[in-house]
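> The structure under discussion is supplied below as structure tokens; questions concerning it will follow.
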Amino acid sequence: MNSIGQSHQRIDALDKVTGKAEYSGDISAPDQLHLKILFAGRPHAIVKSIETQQAAALDGVLLVLTAADVPVNEYGLQINDQPVLCGPGSKIPYADRVRFIGDQVAAVVAETEEIASAACGLIQVEYEDLLTVLDPHQAAEEGALLLHPESNIYESYRIRKGDVIKAFQEADLIIESEYHTPVQEHAYLQPEAGFAYYDEQDRITVAAGGQWAHEEQEEIAHSLGVELDQVRVIHPAIGGAFGGREDLSVQIVLGLSVLRLRERGINRPVKIVWSREESIIGHHKRHAYHIKTRWGATREGILTAAEVEITADGGAYMYTSNKVLMNATINCTGPYEIPNVKVDSRAVATNKVPGGAFRGFGGPQGAFAAESQMNKLAEALDMDPVEIRLKNALKKESLSSLQSPLPGLVNVSDVLERCAEESYWKKDGSDWVMDQKDPIADGKINKRGIGFACGLKNIGFSGGYQENSWATVEIHGATEIEEVIVRHAAAEVGQGTHTVIIQMAADAVGVSADKVRLISADTGETNDSGSVSASRMTFMAGNSVRGAGTKALEMWKDEERPAVVTYQYLAPKTTKFDPDTGESTPNFAYGYVAQAVEVIVDTETGQITVENIISTHDVGKAINPDQVVGQIEGGVIQALGYVLTENFIQEDGYVKTDKLSTYLIPTVQDVPKTLKSVVMENADPNGPWGALGMAEMPYIPLAPAVTAAVHDAIGIWFDDFPLTPERVLRGMGKI
């Protein structure tokens, strides 16, 4: 009956492929009303007045909402810095202004979506346009126009380790570069949608896709000025998230709508579904980063120093800019032992779409700089890119840039060597060398190249937060276990979390998986599980379910039947960055990844074709091996879009690529001929059954591996991307 390590069919698979699964946009009721939101459509302005009489008078309109209707007109995942609705009449200071085009100004509830949309068009808003702040470097300067009352800098960190000045003086080689990473849109299949009503216990109930039901409950309750237990959040089926649903979109306005309708004696549910254009301007994106860095090394390839300056474009509101910046600050020196390090990083406000959580969470930005530096050093020293990494890889006893050893096994070298072995390298004595006769030339026009990169990614929340997760396990049966009920709030955003929770519960109690029933993603039924993010949920849910299941089984064996146990798992403690040096133990677990990439560059068109990708990961223990491979494949292809095709354009604070016809995500035709997922299993000492989280790992090093392969093909380093044909041809001097 062992479920761990088995590729059980996903519990939601049949419903999703047959169309039975009910997503937020599928929920309907005969008496439902429809909600439409009026977006600002301008990057920076004071809302002087809002005239709603014409909209309210339209036949079929039941309610028009503005800032004056929001009890506590503020919200935010980290800090409450964003108005629910922007405009006059709010008691919250500075809620009368919009800071990006996706700020919400008013909302209409009507009998049909068409009427609600027409009413939005009748709302007359008087704006006083303000100067825009679009360059994060300029926004960070003293005397810059403030977008928020105190400062434009959301967060800053610094690392000081060793003597960087002396180390650079003594280095045999210094590589200095500036890197730019782009904005990226999540492009999940289901745009933001939701359904709100009062449930049988008279709670404001919001059913919408999200990643942390209990946090969403808290934000809704705060904004509506009601007690926490008066709000219930349910997650229906969710069409992907990737971090894009960590911050709220439609939830508060939905709750506000049913609250204000109830005050008018109207008890009808309210539904909203955003269009793709509304989704693209209305939710946050992956941060754009500017990273200026120089690294020093000896002629033998030993790293001696790294100096890094990071500026992240945080956009209009904080969201998770501070936490993303922390990960980028950790990742900008890679999984390497560097004795002398100086890092200064900051996330800055601008009048652009906010930056927030996206798969990798700062890791891809930091790793692009770190791995590009390593590949440039290898070329300059005429060293193999695998060999130079092995010379410098962190080991168990090594001190990271934060002057602390990493937790767990720290098997960077093992992952590097396995990836090399599985791809284009062979061992020549004690050294790794590329096992290719001619990887560069492939005719006169098409040039072939091979690239390599690696990285690390934390598991769980960082920097002093006490990671925790609750689970309840019930064992039912008089003489034998007939049913196991698990209550756990984890969101299922397509990654298979619900399936592995059932597998882990089955193993903890010692029954087959078909005897386990999961009640999940409903604040009315579960305790807090934390967010489905930071590659944390298998690790955290597994430990909480195992703890509850083990204790419940003991009770059941003692004939306390049914046996019900609620258990909170507390992860090992972490610490904040020291404000002066960065010294800390910010994470309790890391995963490691290495990737090799083969590309062909058409030198006439600039088109890049990715032929082969070998992606190697140590996952601790694969709870469900097929799902692990699925995560690797999905993460790699999503990262391919990031580096090759997804060109998100903002000009003067306006989004130019607000449709999937102009913002190009990868399709099946972009999948490489070979995508080899190599899964290593070395049990993590704190992970449930040894498991680590791994959903973000495939994303971390893909971009620098691709740019290294392109350099191998045509001899040009690209320090920014996406590598559209136009950018490639420009880099080659052909346009």
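Every chain in the structure tokens has a letter given in the order shown (A, B, ...), and although residue numbers restart at 1 in each chain, ligands are simply numbered from 1 in the order shown.
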So which residues touch Leu675 (chain A) within 9 Å, counting only C-alpha atoms, skipping near sequence neighbours fewer than 3 positions away, as a count of residues only?
9
> I'd like the neighbourhood of Val678 (chain A) as a list in words, where a residue qualifies if any of its atoms comes within 9 Å (using only C-alpha atoms), though same-chain residues fewer than 5 positions away should be ignored.
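Residues near the query, excluding close chain neighbours: Arg418, Cys419, Glu422, Ile614, Ser615, Thr616, His617, Asp618 and Val629 of chain A.
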> Could you please take those selected residues and save C-alpha atoms as a PDB file, in the first residue's frame?

```pdb
ATOM      1  CA  ARG A 418      25.042  14.291 -13.549  1.00  0.00           C
ATOM      2  CA  CYS A 419      23.846  16.925 -16.020  1.00  0.00           C
ATOM      3  CA  GLU A 422      23.608  13.024 -19.319  1.00  0.00           C
ATOM      4  CA  ILE A 614      18.741  18.300 -20.555  1.00  0.00           C
ATOM      5  CA  SER A 615      17.362  19.453 -17.195  1.00  0.00           C
ATOM      6  CA  THR A 616      18.773  17.798 -14.070  1.00  0.00           C
ATOM      7  CA  HIS A 617      17.328  18.152 -10.565  1.00  0.00           C
ATOM      8  CA  ASP A 618      17.786  16.672  -7.147  1.00  0.00           C
ATOM      9  CA  VAL A 629       8.682  15.228 -14.828  1.00  0.00           C
TER      10      VAL A 629
END
```
> Let me make sure I understand: among A:Val728, A:Ile238, A:Ala552, A:Val511, which one has the smallest atom-to-atom distance to Ile714 (chain A) if we use only C-alpha atoms?
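Ranking A:Val728, A:Ile238, A:Ala552, A:Val511 by distance to Ile714 (chain A), first place goes to A:Val728.
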> Quick one: distance from CA of Val509 (chain A) to CA of Met540 (chain A) in Å, one decimal?
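CA of Val509 (chain A) sits 17.5 Å away from CA of Met540 (chain A).
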> Among region 438-554 of chain A, which residues carry a DSSP assignment of strand (DSSP E or B), reported as a ChimeraX atom specification?
/A:441,446-458,468-476,483-488,516-520,522
> Can you pull out every residue within 7 Å of region 297-310 of chain A, counting only C-alpha atoms, but drop anything in the same chain fewer than 3 positions away, and send it as a PyMOL selection string?
chain A and resi 164+167-168+171-174+290-294+338-346+381+388+391-392
> Could you give me, as a VMD selection string, the residues within 10 Å of Ser400 (chain A), counting only C-alpha atoms and dropping anything in the same chain fewer than 2 positions from it?
chain A and resid 161 330 333 to 339 341 394 to 395 397 to 398 402 to 406 583 to 585
> Just the residues within 10 Å of Lys91 (chain A), please, counting only C-alpha atoms, with nothing from its chain fewer than 6 positions along; format it as a list in words.
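The filter keeps Ala67, Ala68, Val70, Pro71, Val72, Asn73 and Glu74 of chain A.
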> Would you output that residue set with C-alpha atoms, as a compact mmCIF listing (two decimals), in the first residue's frame?

```
# COMPACT_ATOMS: atom_id res chain seq x y z
CA ALA A 67 -13.93 54.64 -3.44
CA ALA A 68 -16.45 56.18 -1.05
CA VAL A 70 -15.18 50.87 0.38
CA PRO A 71 -15.12 50.70 4.21
CA VAL A 72 -11.32 50.43 4.49
CA ASN A 73 -9.99 51.36 1.10
CA GLU A 74 -6.59 49.66 1.17
```
> Just list the residues in region 439-586 of chain A DSSP gives helix (DSSP H, G or I) on the backbone, as JSON, numbers by chain.
{"A": [497, 498, 499, 500, 501, 502, 503, 504, 505, 506, 507, 508, 509, 513, 514, 515, 537, 538, 539, 540, 541, 542, 543, 544, 545, 546, 547, 548, 549, 550, 551, 552, 553, 554, 555, 556, 557]}
> Can you tell me, as a PyMOL selection string, what residues are no more than 8 Å from Glu604 (chain A) when counting only C-alpha atoms, ignoring any on the same chain fewer than 2 positions away?
chain A and resi 445+602+606+729
> Can those selected residues be exported to a file as an mmCIF file, in the first residue's frame so that it contains C-alpha atoms?

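Everything below was put into selection.cif:
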```cif
data_model
loop_
_atom_site.group_PDB
_atom_site.id
_atom_site.type_symbol
_atom_site.label_atom_id
_atom_site.label_comp_id
_atom_site.auth_asym_id
_atom_site.auth_seq_id
_atom_site.Cartn_x
_atom_site.Cartn_y
_atom_site.Cartn_z
ATOM 1 C CA ILE A 445 23.788 29.769 -42.449
ATOM 2 C CA ASP A 602 19.689 30.935 -38.462
ATOM 3 C CA GLY A 606 17.916 35.570 -36.521
ATOM 4 C CA LEU A 729 20.088 40.275 -36.055
#
```
> Using CA of Gly510 (chain A) and CA of Thr550 (chain A) as the two end points, give the distance in Å to one decimal.
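CA of Gly510 (chain A) sits 9.4 Å away from CA of Thr550 (chain A).
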> With distances taken over only C-alpha atoms, which of A:Gly194, A:Gly239, A:Pro136, A:Gly60 is nearest to Gly25 (chain A)?
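So, comparing all the options, the nearest one is A:Gly194.
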> Nearest to Ala508 (chain A): which of A:Ile4, A:Ser24, A:Leu570, A:Gly715 is it, counting only C-alpha atoms?
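Selected residue with least distance to Ala508 (chain A): A:Ile4.
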> Using only C-alpha atoms for the distances, tell me which of A:Leu261, A:Leu224, A:Ala45, A:Ala119 is nearest to Thr132 (chain A).
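Nearest to Thr132 (chain A): A:Ala45.
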> With distances taken over only C-alpha atoms, which residue among A:Val324, A:Val516, A:Leu456, A:Ala713 lies nearest Glu696 (chain A)?
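Closest to Glu696 (chain A), using only C-alpha atoms: A:Leu456.
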> I'd like to know which of A:Gln9, A:Asn351, A:Ser430, A:Thr603 is closest to His498 (chain A), using only C-alpha atoms.
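Smallest distance to His498 (chain A) is found for A:Gln9.
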> May I have the residues within 9 Å of Gln211 (chain A) as a short mmCIF file (atom, residue, chain, number, x, y, z; two decimals) with N, CA and C atoms, in the first residue's frame, using only C-alpha atoms and disregarding those fewer than 3 positions away in the same chain?

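Below is the file that was written, out04.cif:
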```cif
data_model
loop_
_atom_site.label_atom_id
_atom_site.label_comp_id
_atom_site.auth_asym_id
_atom_site.auth_seq_id
_atom_site.Cartn_x
_atom_site.Cartn_y
_atom_site.Cartn_z
N GLU A 215 -4.93 34.04 3.47
CA GLU A 215 -4.43 35.40 3.29
C GLU A 215 -5.45 36.23 2.52
N GLU A 216 -6.06 35.64 1.51
CA GLU A 216 -7.10 36.34 0.75
C GLU A 216 -8.28 36.68 1.65
N HIS A 235 -11.53 28.16 -3.17
CA HIS A 235 -10.83 28.04 -4.45
C HIS A 235 -11.50 26.97 -5.30
N ALA A 241 -1.43 29.45 -12.22
CA ALA A 241 -1.17 30.61 -11.35
C ALA A 241 0.24 31.14 -11.55
N GLY A 243 2.38 32.17 -9.56
CA GLY A 243 2.65 33.37 -8.77
C GLY A 243 1.73 34.52 -9.11
N GLY A 244 1.07 34.45 -10.25
CA GLY A 244 0.23 35.57 -10.70
C GLY A 244 -1.06 35.74 -9.93
N ARG A 245 -1.42 34.75 -9.11
CA ARG A 245 -2.64 34.87 -8.31
C ARG A 245 -2.32 35.07 -6.83
N GLU A 246 -1.05 35.35 -6.51
CA GLU A 246 -0.72 35.64 -5.11
C GLU A 246 -1.35 36.95 -4.66
N ASP A 247 -1.39 37.94 -5.54
CA ASP A 247 -1.99 39.23 -5.20
C ASP A 247 -3.42 39.28 -5.71
N ALA A 490 -4.34 23.79 0.94
CA ALA A 490 -3.49 24.01 -0.23
C ALA A 490 -4.30 24.23 -1.50
N ALA A 491 -3.91 25.25 -2.26
CA ALA A 491 -4.54 25.49 -3.56
C ALA A 491 -3.97 24.52 -4.59
N GLU A 492 -4.83 24.07 -5.48
CA GLU A 492 -4.40 23.23 -6.61
C GLU A 492 -4.38 24.11 -7.86
N VAL A 493 -3.19 24.51 -8.26
CA VAL A 493 -3.07 25.43 -9.40
C VAL A 493 -2.48 24.72 -10.62
N GLY A 530 -0.72 28.25 4.37
CA GLY A 530 0.27 29.09 3.71
C GLY A 530 0.06 29.07 2.21
N SER A 531 0.87 29.82 1.53
CA SER A 531 0.70 30.02 0.09
C SER A 531 1.22 28.84 -0.72
N VAL A 532 0.55 28.60 -1.83
CA VAL A 532 1.09 27.69 -2.84
C VAL A 532 2.08 28.51 -3.66
N SER A 533 3.29 28.59 -3.17
CA SER A 533 4.35 29.36 -3.82
C SER A 533 5.66 28.95 -3.17
#
```
